[in-house]
$ cat final.cif   # mmCIF, C-alpha atoms and all ligand atoms
data_model
loop_
_atom_site.group_PDB
_atom_site.id
_atom_site.type_symbol
_atom_site.label_atom_id
_atom_site.label_comp_id
_atom_site.auth_asym_id
_atom_site.auth_seq_id
_atom_site.Cartn_x
_atom_site.Cartn_y
_atom_site.Cartn_z
ATOM 1 C CA MET S 1 0.000 0.000 0.000
ATOM 2 C CA GLU S 2 1.065 3.550 -0.633
ATOM 3 C CA GLN S 3 2.057 5.876 2.178
ATOM 4 C CA ALA S 4 -0.495 8.415 0.899
ATOM 5 C CA PHE S 5 -3.251 5.921 1.635
ATOM 6 C CA PHE S 6 -1.957 5.239 5.130
ATOM 7 C CA LYS S 7 -1.953 8.990 5.727
ATOM 8 C CA LYS S 8 -5.650 9.045 4.842
ATOM 9 C CA ILE S 9 -6.291 6.394 7.477
ATOM 10 C CA THR S 10 -4.294 8.409 10.009
ATOM 11 C CA GLN S 11 -6.388 11.492 9.220
ATOM 12 C CA PHE S 12 -9.546 9.438 9.575
ATOM 13 C CA TYR S 13 -8.470 8.193 13.007
ATOM 14 C CA GLU S 14 -7.597 11.726 14.087
ATOM 15 C CA GLN S 15 -11.029 13.040 13.080
ATOM 16 C CA LEU S 16 -12.670 10.079 14.735
ATOM 17 C CA GLU S 17 -10.897 10.661 18.023
ATOM 18 C CA SER S 18 -12.308 14.158 18.272
ATOM 19 C CA ASP S 19 -15.845 12.690 18.057
ATOM 20 C CA LEU S 20 -15.446 9.984 20.664
ATOM 21 C CA ILE S 21 -15.831 10.181 24.407
ATOM 22 C CA GLN S 22 -12.605 11.458 25.857
ATOM 23 C CA VAL S 23 -11.220 9.328 28.655
ATOM 24 C CA GLU S 24 -10.206 10.880 31.906
ATOM 25 C CA GLU S 25 -6.484 10.552 32.212
ATOM 26 C CA ASN S 26 -5.357 7.155 33.499
ATOM 27 C CA VAL S 27 -8.879 5.941 34.196
ATOM 28 C CA CYS S 28 -8.082 2.484 32.808
ATOM 29 C CA LYS S 29 -4.682 2.347 34.411
ATOM 30 C CA ALA S 30 -6.360 3.083 37.690
ATOM 31 C CA CYS S 31 -8.942 0.321 37.367
ATOM 32 C CA GLN S 32 -6.498 -2.151 35.752
ATOM 33 C CA CYS S 33 -9.259 -4.356 34.360
ATOM 34 C CA SER S 34 -8.092 -4.713 30.705
ATOM 35 C CA GLU S 35 -11.396 -6.441 29.924
ATOM 36 C CA CYS S 36 -11.623 -4.593 26.612
ATOM 37 C CA CYS S 37 -8.339 -6.113 25.425
ATOM 38 C CA SER S 38 -9.361 -9.685 26.180
ATOM 39 C CA ILE S 39 -12.818 -9.658 24.627
ATOM 40 C CA VAL S 40 -12.013 -12.155 21.880
ATOM 41 C CA ALA S 41 -10.655 -14.779 24.250
ATOM 42 C CA LYS S 42 -13.882 -14.430 26.245
ATOM 43 C CA GLY S 43 -15.983 -15.107 23.158
ATOM 44 C CA GLY S 44 -16.758 -11.521 22.168
ATOM 45 C CA GLU S 45 -16.524 -10.023 18.704
ATOM 46 C CA HIS S 46 -13.619 -7.909 17.619
ATOM 47 C CA SER S 47 -13.797 -7.118 13.964
ATOM 48 C CA VAL S 48 -10.549 -5.939 12.358
ATOM 49 C CA SER S 49 -10.356 -5.348 8.610
ATOM 50 C CA SER S 50 -7.446 -6.299 6.371
ATOM 51 C CA MET S 51 -6.891 -2.564 5.841
ATOM 52 C CA GLU S 52 -6.259 -2.098 9.557
ATOM 53 C CA LEU S 53 -3.905 -5.077 9.693
ATOM 54 C CA ASP S 54 -1.934 -3.488 6.825
ATOM 55 C CA TYR S 55 -1.971 -0.181 8.681
ATOM 56 C CA ILE S 56 -0.568 -1.812 11.807
ATOM 57 C CA GLU S 57 2.131 -3.534 9.748
ATOM 58 C CA ASN S 58 3.066 -0.208 8.227
ATOM 59 C CA TYR S 59 3.211 1.241 11.729
ATOM 60 C CA TYR S 60 5.750 -1.448 12.576
ATOM 61 C CA GLN S 61 7.889 -0.484 9.639
ATOM 62 C CA GLU S 62 7.826 3.142 10.704
ATOM 63 C CA THR S 63 8.482 2.487 14.377
ATOM 64 C CA GLY S 64 10.721 -0.582 14.138
ATOM 65 C CA TYR S 65 8.453 -2.847 16.182
ATOM 66 C CA PRO S 66 9.055 -6.599 15.741
ATOM 67 C CA GLN S 67 7.037 -7.648 12.698
ATOM 68 C CA GLY S 68 5.989 -11.020 14.091
ATOM 69 C CA ASN S 69 3.455 -9.546 16.496
ATOM 70 C CA ILE S 70 0.869 -9.056 13.757
ATOM 71 C CA ASN S 71 0.679 -12.839 13.405
ATOM 72 C CA LEU S 72 0.108 -13.178 17.130
ATOM 73 C CA PHE S 73 -2.674 -10.602 16.825
ATOM 74 C CA LYS S 74 -4.258 -12.622 14.017
ATOM 75 C CA GLU S 75 -4.054 -15.716 16.227
ATOM 76 C CA TYR S 76 -5.767 -13.774 19.008
ATOM 77 C CA LEU S 77 -8.535 -12.588 16.669
ATOM 78 C CA SER S 78 -9.133 -16.129 15.390
ATOM 79 C CA ARG S 79 -9.151 -17.555 18.937
ATOM 80 C CA LYS S 80 -6.393 -19.973 18.057
ATOM 81 C CA LYS S 81 -5.970 -22.803 20.553
ATOM 82 C CA ASP S 82 -2.876 -24.698 21.628
ATOM 83 C CA THR S 83 -2.535 -28.485 21.438
ATOM 84 C CA ALA S 84 -4.235 -28.837 24.817
ATOM 85 C CA GLY S 85 -7.258 -26.950 23.488
ATOM 86 C CA GLU S 86 -6.578 -23.816 25.513
ATOM 87 C CA ILE S 87 -6.933 -20.357 23.989
ATOM 88 C CA LEU S 88 -3.417 -19.351 22.974
ATOM 89 C CA HIS S 89 -3.854 -15.649 23.726
ATOM 90 C CA PRO S 90 -6.181 -14.883 26.659
ATOM 91 C CA ILE S 91 -5.342 -11.217 26.153
ATOM 92 C CA CYS S 92 -4.460 -9.246 23.037
ATOM 93 C CA PRO S 93 -0.750 -9.701 22.271
ATOM 94 C CA PHE S 94 -0.427 -5.946 21.781
ATOM 95 C CA PHE S 95 -1.465 -5.304 25.356
ATOM 96 C CA SER S 96 1.525 -4.503 27.538
ATOM 97 C CA LYS S 97 0.957 -5.782 31.045
ATOM 98 C CA GLN S 98 4.044 -3.899 32.219
ATOM 99 C CA ASN S 99 2.735 -0.492 31.225
ATOM 100 C CA PHE S 100 -0.920 -1.437 31.304
ATOM 101 C CA GLN S 101 -1.485 -0.003 27.854
ATOM 102 C CA CYS S 102 -1.802 -0.853 24.184
ATOM 103 C CA SER S 103 1.645 -1.030 22.587
ATOM 104 C CA ILE S 104 0.270 0.106 19.223
ATOM 105 C CA TYR S 105 -2.104 2.689 20.661
ATOM 106 C CA SER S 106 -1.867 5.226 17.827
ATOM 107 C CA ALA S 107 -2.370 2.438 15.240
ATOM 108 C CA ARG S 108 -5.038 0.439 17.072
ATOM 109 C CA PRO S 109 -8.076 -0.660 15.033
ATOM 110 C CA LEU S 110 -11.428 1.089 14.848
ATOM 111 C CA SER S 111 -13.205 -1.399 17.109
ATOM 112 C CA CYS S 112 -10.679 -0.665 19.887
ATOM 113 C CA ARG S 113 -11.228 3.050 19.425
ATOM 114 C CA LEU S 114 -15.014 2.711 19.542
ATOM 115 C CA PHE S 115 -14.964 0.676 22.739
ATOM 116 C CA GLY S 116 -16.460 2.815 25.453
ATOM 117 C CA SER S 117 -18.193 5.295 23.146
ATOM 118 C CA TYR S 118 -20.344 2.690 21.385
ATOM 119 C CA PHE S 119 -21.383 -0.840 22.290
ATOM 120 C CA ILE S 120 -23.201 -3.282 20.036
ATOM 121 C CA GLU S 121 -26.542 -4.275 21.558
ATOM 122 C CA GLY S 122 -26.214 -7.492 23.544
ATOM 123 C CA PHE S 123 -22.544 -6.984 24.334
ATOM 124 C CA GLN S 124 -21.892 -7.551 28.029
ATOM 125 C CA VAL S 125 -20.019 -4.441 29.053
ATOM 126 C CA PRO S 126 -17.753 -5.333 31.980
ATOM 127 C CA SER S 127 -19.445 -4.024 35.102
ATOM 128 C CA ARG S 128 -16.270 -2.369 36.337
ATOM 129 C CA CYS S 129 -15.635 -0.652 32.997
ATOM 130 C CA TYR S 130 -15.500 3.116 33.320
ATOM 131 C CA PHE S 131 -17.721 3.404 30.218
ATOM 132 C CA ASN S 132 -20.365 0.968 31.441
ATOM 133 C CA THR S 133 -23.093 3.550 31.746
ATOM 134 C CA ILE S 134 -21.669 6.122 29.365
ATOM 135 C CA GLY S 135 -21.338 4.371 25.980
ATOM 136 C CA LYS S 136 -24.176 4.423 23.470
ATOM 137 C CA ILE S 137 -25.831 1.071 22.705
ATOM 138 C CA VAL S 138 -26.187 0.515 18.961
ATOM 139 C CA LYS S 139 -28.061 -2.283 17.153
ATOM 140 C CA LYS S 140 -25.627 -4.377 15.101
ATOM 141 C CA ASP S 141 -27.711 -3.960 11.940
ATOM 142 C CA GLU S 142 -27.835 -0.216 12.404
ATOM 143 C CA PHE S 143 -24.187 0.302 13.125
ATOM 144 C CA ILE S 144 -23.497 1.950 9.788
ATOM 145 C CA LYS S 145 -26.417 4.351 10.235
ATOM 146 C CA GLU S 146 -25.865 5.112 13.891
ATOM 147 C CA ILE S 147 -22.170 5.791 13.813
ATOM 148 C CA PRO S 148 -21.518 8.817 11.627
ATOM 149 C CA PHE S 149 -17.966 7.929 10.640
ATOM 150 C CA ALA S 150 -18.834 4.297 9.760
ATOM 151 C CA VAL S 151 -19.561 5.423 6.204
ATOM 152 C CA ALA S 152 -16.203 7.179 5.811
ATOM 153 C CA PHE S 153 -14.530 4.083 7.200
ATOM 154 C CA SER S 154 -16.324 1.835 4.717
ATOM 155 C CA GLU S 155 -15.178 4.065 1.885
ATOM 156 C CA LEU S 156 -11.593 3.714 3.044
ATOM 157 C CA LYS S 157 -12.032 -0.052 3.186
ATOM 158 C CA ALA S 158 -13.444 -0.045 -0.351
ATOM 159 C CA GLU S 159 -10.454 1.945 -1.526
ATOM 160 C CA HIS S 160 -8.095 -0.438 0.244
ATOM 161 C CA LEU S 161 -9.745 -3.513 -1.253
ATOM 162 C CA GLY S 162 -9.517 -1.933 -4.659
ATOM 163 C CA ALA S 163 -5.840 -1.206 -4.201
ATOM 164 C CA GLN S 164 -5.045 -4.889 -3.767
ATOM 165 C CA LYS S 165 -3.393 -6.732 -6.582
ATOM 166 C CA ILE S 166 -6.131 -6.657 -9.188
ATOM 167 C CA THR S 167 -6.317 -8.804 -12.263
ATOM 168 C CA LEU S 168 -8.703 -8.483 -15.156
ATOM 169 C CA PRO S 169 -11.346 -9.713 -15.477
ATOM 170 C CA LEU S 170 -12.114 -8.958 -11.841
ATOM 171 C CA SER S 171 -11.648 -12.103 -9.824
ATOM 172 C CA PRO S 172 -14.655 -13.635 -8.070
ATOM 173 C CA GLU S 173 -12.537 -13.497 -4.894
ATOM 174 C CA LEU S 174 -12.520 -9.705 -5.000
ATOM 175 C CA HIS S 175 -16.217 -9.553 -5.696
ATOM 176 C CA GLN S 176 -17.081 -12.049 -2.986
ATOM 177 C CA ASN S 177 -14.765 -10.597 -0.400
ATOM 178 C CA PRO S 178 -16.781 -10.662 2.831
ATOM 179 C CA GLU S 179 -15.500 -7.191 3.669
ATOM 180 C CA TYR S 180 -17.702 -5.777 0.918
ATOM 181 C CA LEU S 181 -20.751 -7.348 2.459
ATOM 182 C CA SER S 182 -19.751 -5.952 5.841
ATOM 183 C CA PHE S 183 -20.651 -2.511 4.501
ATOM 184 C CA PHE S 184 -24.351 -3.326 4.597
ATOM 185 C CA ASP S 185 -26.820 -3.963 7.362
ATOM 186 C CA SER S 186 -28.891 -7.111 6.878
ATOM 187 C CA SER S 187 -32.018 -5.164 5.900
ATOM 188 C CA ASP S 188 -30.320 -3.147 3.167
ATOM 189 C CA PRO S 189 -31.977 -3.559 -0.257
ATOM 190 C CA TYR S 190 -28.472 -3.978 -1.717
ATOM 191 C CA LEU S 191 -28.374 -7.558 -0.427
ATOM 192 C CA LYS S 192 -31.733 -8.339 -2.055
ATOM 193 C CA GLY S 193 -30.459 -6.819 -5.284
ATOM 194 C CA ARG S 194 -27.339 -8.934 -5.174
ATOM 195 C CA LYS S 195 -29.359 -12.090 -4.492
ATOM 196 C CA ASN S 196 -31.742 -11.372 -7.364
ATOM 197 C CA LEU S 197 -28.828 -10.731 -9.680
ATOM 198 C CA GLN S 198 -27.262 -14.046 -8.700
ATOM 199 C CA ASP S 199 -30.599 -15.711 -9.482
ATOM 200 C CA GLY S 200 -30.634 -14.063 -12.908
ATOM 201 C CA LYS S 201 -33.535 -11.705 -12.056
ATOM 202 C CA ILE S 202 -31.952 -8.588 -13.527
ATOM 203 C CA THR S 203 -34.980 -6.266 -13.468
ATOM 204 C CA LYS S 204 -35.769 -7.063 -9.855
ATOM 205 C CA ALA S 205 -32.104 -6.677 -8.931
ATOM 206 C CA LEU S 206 -31.954 -3.235 -10.519
ATOM 207 C CA GLU S 207 -35.057 -2.180 -8.564
ATOM 208 C CA HIS S 208 -33.427 -3.155 -5.258
ATOM 209 C CA TYR S 209 -30.167 -1.495 -6.240
ATOM 210 C CA GLN S 210 -32.046 1.707 -6.960
ATOM 211 C CA GLU S 211 -33.782 1.436 -3.569
ATOM 212 C CA THR S 212 -30.451 1.229 -1.752
ATOM 213 C CA ILE S 213 -29.149 4.267 -3.641
ATOM 214 C CA VAL S 214 -32.244 6.246 -2.589
ATOM 215 C CA LYS S 215 -31.821 5.019 0.988
ATOM 216 C CA ASN S 216 -28.085 5.826 1.136
ATOM 217 C CA PRO S 217 -27.600 8.684 -1.326
ATOM 218 C CA LYS S 218 -24.165 9.783 -0.092
ATOM 219 C CA GLN S 219 -22.409 6.444 0.407
ATOM 220 C CA SER S 220 -20.165 6.118 -2.612
ATOM 221 C CA PHE S 221 -19.055 2.560 -1.916
ATOM 222 C CA ILE S 222 -22.617 1.370 -2.577
ATOM 223 C CA PRO S 223 -22.764 2.286 -6.279
ATOM 224 C CA CYS S 224 -19.218 0.903 -6.578
ATOM 225 C CA CYS S 225 -20.328 -2.449 -5.118
ATOM 226 C CA ILE S 226 -23.351 -2.464 -7.427
ATOM 227 C CA SER S 227 -21.126 -1.702 -10.382
ATOM 228 C CA LEU S 228 -18.874 -4.635 -9.467
ATOM 229 C CA ASP S 229 -21.904 -6.937 -9.179
ATOM 230 C CA LEU S 230 -23.157 -5.835 -12.574
ATOM 231 C CA ILE S 231 -19.744 -6.322 -14.172
ATOM 232 C CA GLN S 232 -19.722 -9.880 -12.834
ATOM 233 C CA ALA S 233 -23.221 -10.365 -14.269
ATOM 234 C CA GLN S 234 -22.075 -8.907 -17.630
ATOM 235 C CA GLN S 235 -24.540 -6.008 -17.407
ATOM 236 C CA TYR S 236 -21.947 -3.525 -18.531
ATOM 237 C CA ALA S 237 -24.051 -0.469 -19.428
ATOM 238 C CA GLU S 238 -25.738 -0.490 -16.002
ATOM 239 C CA ALA S 239 -22.382 -1.172 -14.372
ATOM 240 C CA ALA S 240 -20.991 1.962 -16.016
ATOM 241 C CA ALA S 241 -23.976 4.029 -14.846
ATOM 242 C CA TYR S 242 -23.380 2.966 -11.216
ATOM 243 C CA GLY S 243 -19.639 3.423 -11.629
ATOM 244 C CA GLU S 244 -20.325 7.022 -12.695
ATOM 245 C CA LYS S 245 -22.393 7.560 -9.548
ATOM 246 C CA ALA S 246 -19.546 6.301 -7.343
ATOM 247 C CA VAL S 247 -17.014 8.542 -9.075
ATOM 248 C CA THR S 248 -19.309 11.578 -8.825
ATOM 249 C CA LEU S 249 -19.683 11.029 -5.074
ATOM 250 C CA SER S 250 -15.971 10.341 -4.423
ATOM 251 C CA PRO S 251 -13.848 11.668 -7.287
ATOM 252 C CA GLU S 252 -10.636 11.096 -5.302
ATOM 253 C CA ASN S 253 -11.088 7.325 -5.071
ATOM 254 C CA ALA S 254 -8.748 5.574 -7.545
ATOM 255 C CA PHE S 255 -10.590 2.280 -7.279
ATOM 256 C CA TYR S 256 -13.915 3.782 -8.321
ATOM 257 C CA HIS S 257 -12.319 5.211 -11.474
ATOM 258 C CA PHE S 258 -10.780 1.816 -12.133
ATOM 259 C CA VAL S 259 -14.107 0.000 -11.801
ATOM 260 C CA LEU S 260 -15.736 2.589 -14.055
ATOM 261 C CA ALA S 261 -12.950 2.134 -16.626
ATOM 262 C CA ILE S 262 -13.592 -1.612 -16.690
ATOM 263 C CA ALA S 263 -17.329 -1.086 -17.109
ATOM 264 C CA TYR S 264 -16.724 1.388 -19.967
ATOM 265 C CA GLN S 265 -14.233 -0.912 -21.611
ATOM 266 C CA LEU S 266 -16.530 -3.926 -21.470
ATOM 267 C CA SER S 267 -19.466 -1.895 -22.739
ATOM 268 C CA GLY S 268 -17.364 -0.789 -25.744
ATOM 269 C CA LYS S 269 -16.826 2.838 -24.697
ATOM 270 C CA ILE S 270 -13.092 2.738 -25.260
ATOM 271 C CA GLU S 271 -12.343 6.475 -25.196
ATOM 272 C CA LYS S 272 -14.138 6.867 -21.901
ATOM 273 C CA ALA S 273 -12.390 3.746 -20.587
ATOM 274 C CA ILE S 274 -8.992 5.267 -21.454
ATOM 275 C CA GLU S 275 -9.874 8.494 -19.646
ATOM 276 C CA SER S 276 -11.004 6.589 -16.558
ATOM 277 C CA TYR S 277 -7.906 4.357 -16.478
ATOM 278 C CA GLN S 278 -5.775 7.496 -16.745
ATOM 279 C CA GLU S 279 -7.683 9.164 -13.924
ATOM 280 C CA SER S 280 -7.381 6.056 -11.771
ATOM 281 C CA LEU S 281 -3.620 5.903 -12.385
ATOM 282 C CA LYS S 282 -3.215 9.561 -11.501
ATOM 283 C CA LEU S 283 -4.652 8.736 -8.089
ATOM 284 C CA ASN S 284 -2.977 5.324 -7.690
ATOM 285 C CA PRO S 285 0.038 4.912 -10.003
ATOM 286 C CA GLU S 286 0.735 1.450 -8.542
ATOM 287 C CA ASN S 287 -2.266 -0.280 -10.118
ATOM 288 C CA GLU S 288 -0.491 -2.664 -12.504
ATOM 289 C CA ALA S 289 -3.729 -3.985 -14.021
ATOM 290 C CA ALA S 290 -4.796 -0.443 -14.925
ATOM 291 C CA LYS S 291 -1.370 0.304 -16.437
ATOM 292 C CA THR S 292 -1.312 -2.853 -18.572
ATOM 293 C CA THR S 293 -4.872 -2.460 -19.774
ATOM 294 C CA LEU S 294 -4.422 1.220 -20.551
ATOM 295 C CA ASN S 295 -1.277 0.532 -22.590
ATOM 296 C CA SER S 296 -2.988 -2.145 -24.627
ATOM 297 C CA LEU S 297 -6.025 0.095 -25.236
ATOM 298 C CA LEU S 298 -3.775 2.961 -26.344
ATOM 299 C CA GLN S 299 -1.849 0.703 -28.715
ATOM 300 C CA SER S 300 -4.949 -0.693 -30.347
ATOM 301 C CA SER S 301 -6.911 2.565 -30.594
HETATM 302 S S1 LIG S 401 -4.954 -3.535 19.730
HETATM 303 FE FE1 LIG S 401 -4.500 -2.429 21.606
HETATM 304 S S2 LIG S 401 -6.452 -1.531 22.274
HETATM 305 FE FE2 LIG S 401 -6.903 -3.115 20.772
HETATM 306 S S3 LIG S 401 -7.304 -4.979 21.951
HETATM 307 FE FE3 LIG S 401 -5.124 -4.983 21.426
HETATM 308 S S4 LIG S 401 -4.073 -3.996 23.119
HETATM 309 FE FE4 LIG S 401 -6.252 -3.514 23.307
HETATM 310 S S1 LIG S 402 -12.795 -2.404 30.080
HETATM 311 FE FE1 LIG S 402 -13.211 -0.218 30.333
HETATM 312 S S2 LIG S 402 -12.227 0.389 32.265
HETATM 313 FE FE2 LIG S 402 -11.394 -1.623 31.697
HETATM 314 S S3 LIG S 402 -9.502 -1.107 30.612
HETATM 315 FE FE3 LIG S 402 -11.136 -1.294 29.073
HETATM 316 S S4 LIG S 402 -11.983 0.747 28.767
HETATM 317 FE FE4 LIG S 402 -10.763 0.763 30.677
#
$ encode --input "final.cif" --output "structure tokens"
Amino acid sequence: MEQAFFKKITQFYEQLESDLIQVEENVCKACQCSECCSIVAKGGEHSVSSMELDYIENYYQETGYPQGNINLFKEYLSRKKDTAGEILHPICPFFSKQNFQCSIYSARPLSCRLFGSYFIEGFQVPSRCYFNTIGKIVKKDEFIKEIPFAVAFSELKAEHLGAQKITLPLSPELHQNPEYLSFFDSSDPYLKGRKNLQDGKITKALEHYQETIVKNPKQSFIPCCISLDLIQAQQYAEAAAYGEKAVTLSPENAFYHFVLAIAYQLSGKIEKAIESYQESLKLNPENEAAKTTLNSLLQSS
């Protein structure tokens, strides 16, 4: 990943911090419970995206931390057990018992940052937690609506997914990446649209896709996801129309331009495809698939 992208994540975290409940100095050190950093081992959820794992790894490179710890963190998140069947990491490996603090505090994931300010309904907040009666309870399905910066975070995740090594045609793995589906609550019409499309019911799918756009008019990752679905389903003209919506909402997102370029290319609009590949490369010069495809389009046009 490019440093410019990591800087965007840093800026996002900085903005986020100013919106969250500020902790009284040393409140956690004083109580010494560390419940929040052992949630996974106790069966709780702790969702960390691949973007955040990359961000933490980059933090290592900048600070010189030992690289291996990220693997321990992944083991913690997956509740890995030892040969005797015991949880390998009863507490997050980044938690320093000596200092009673997170050793990657400035790079810690979103879910760690939200702890205390927001709790998913049903989560058993430790009774001795300072935030027990302060944090806002949010329904899991309404997380993206309730938490104002969840949308901005999803857009960053979309950009990160799109900056992965991309091959053309788009691989089913990219399209089926569960992180895309994590952008939607279970009642969102997008999921119905996707299901109808998979069942070959194009008209019905387009109706649901339109519903989700009306419901979430400012969330640019939604038209991008729809565009990807439609590319997979070989509905290229509609894919281009949704790609245009995504680009209009977030013109600085290289991935959206890339998806639009593919949709244009496959729908035969080669000049527009060239322009979109060029725009995408301006924003992310490391996209090898965009470079190769653009060169071949320029040579044959
Ligand atoms: S990353 Fe840091 S804040 Fe998050 S669970 Fe681990 S030690 Fe706690
Ligand atoms: S559970 Fe609450 S009080 Fe305990 S360390 Fe975490 S945030 Fe602090």
$ residues_around --input "final.cif" --residues "Val247 (chain S)" --least-positions-apart "4" --cutoff "8 Å" --atoms "all atoms listed in the file" --output "count of residues only"
8
$ axis_aligned_box --input "final.cif" --around "region 10-21 of chain S" --padding-each-side "4 Å" --output "AutoDock Vina command-line options"
--center_x -10.1 --center_y 11.2 --center_z 16.8 --size_x 19.6 --size_y 14.0 --size_z 23.2
$ residues_around --input "final.cif" --residues "Gly135 (chain S)" --least-positions-apart "5" --cutoff "10 Å" --atoms "all atoms listed in the file" --output "ChimeraX atom specification"
/S:20-21,114-120,125,130
$ closest_residue --input "final.cif" --among "S:Cys33, S:Pro93, S:Asn284, S:Ser154" --to "Glu2 (chain S)" --atoms "all atoms listed in the file"
S:Asn284
$ atom_distance --input "final.cif" --atom1 "CA of Lys218 (chain S)" --atom2 "CA of Tyr242 (chain S)"
13.1 Å
$ atom_distance --input "final.cif" --atom1 "CA of Ala152 (chain S)" --atom2 "CA of Thr248 (chain S)"
15.6 Å
$ resolve_selection --input "final.cif" --expression "the PyMOL selection byres (((chain S and resi 107) around 12) and not hetatm)" --output "PyMOL selection string"
chain S and resi 6-7+9-14+51-60+62-63+94+102-106+108-113
$ residues_near_ligand --input "final.cif" --ligand "ligand LIG 402 (chain S)" --cutoff "8 Å" --atoms "all atoms listed in the file" --output "list of chain:residue names"
S:Val27, S:Cys28, S:Lys29, S:Cys31, S:Gln32, S:Cys33, S:Ser34, S:Glu35, S:Cys36, S:Cys37, S:Phe115, S:Gly116, S:Val125, S:Pro126, S:Arg128, S:Cys129, S:Tyr130, S:Phe131, S:Asn132
$ atom_distance --input "final.cif" --atom1 "CA of Arg79 (chain S)" --atom2 "CA of Val40 (chain S)"
6.8 Å
$ closest_residue --input "final.cif" --among "S:Ile202, S:Ile91, S:Ala263, S:Leu156" --to "ligand LIG 401 (chain S)" --atoms "only C-alpha atoms and all ligand atoms"
S:Ile91
$ residues_near_point --input "final.cif" --point "(-11.6, 3.3, -18.9)" --cutoff "6 Å" --atoms "all atoms listed in the file" --output "number ranges by chain"
S: 261-262, 264-265, 272-277
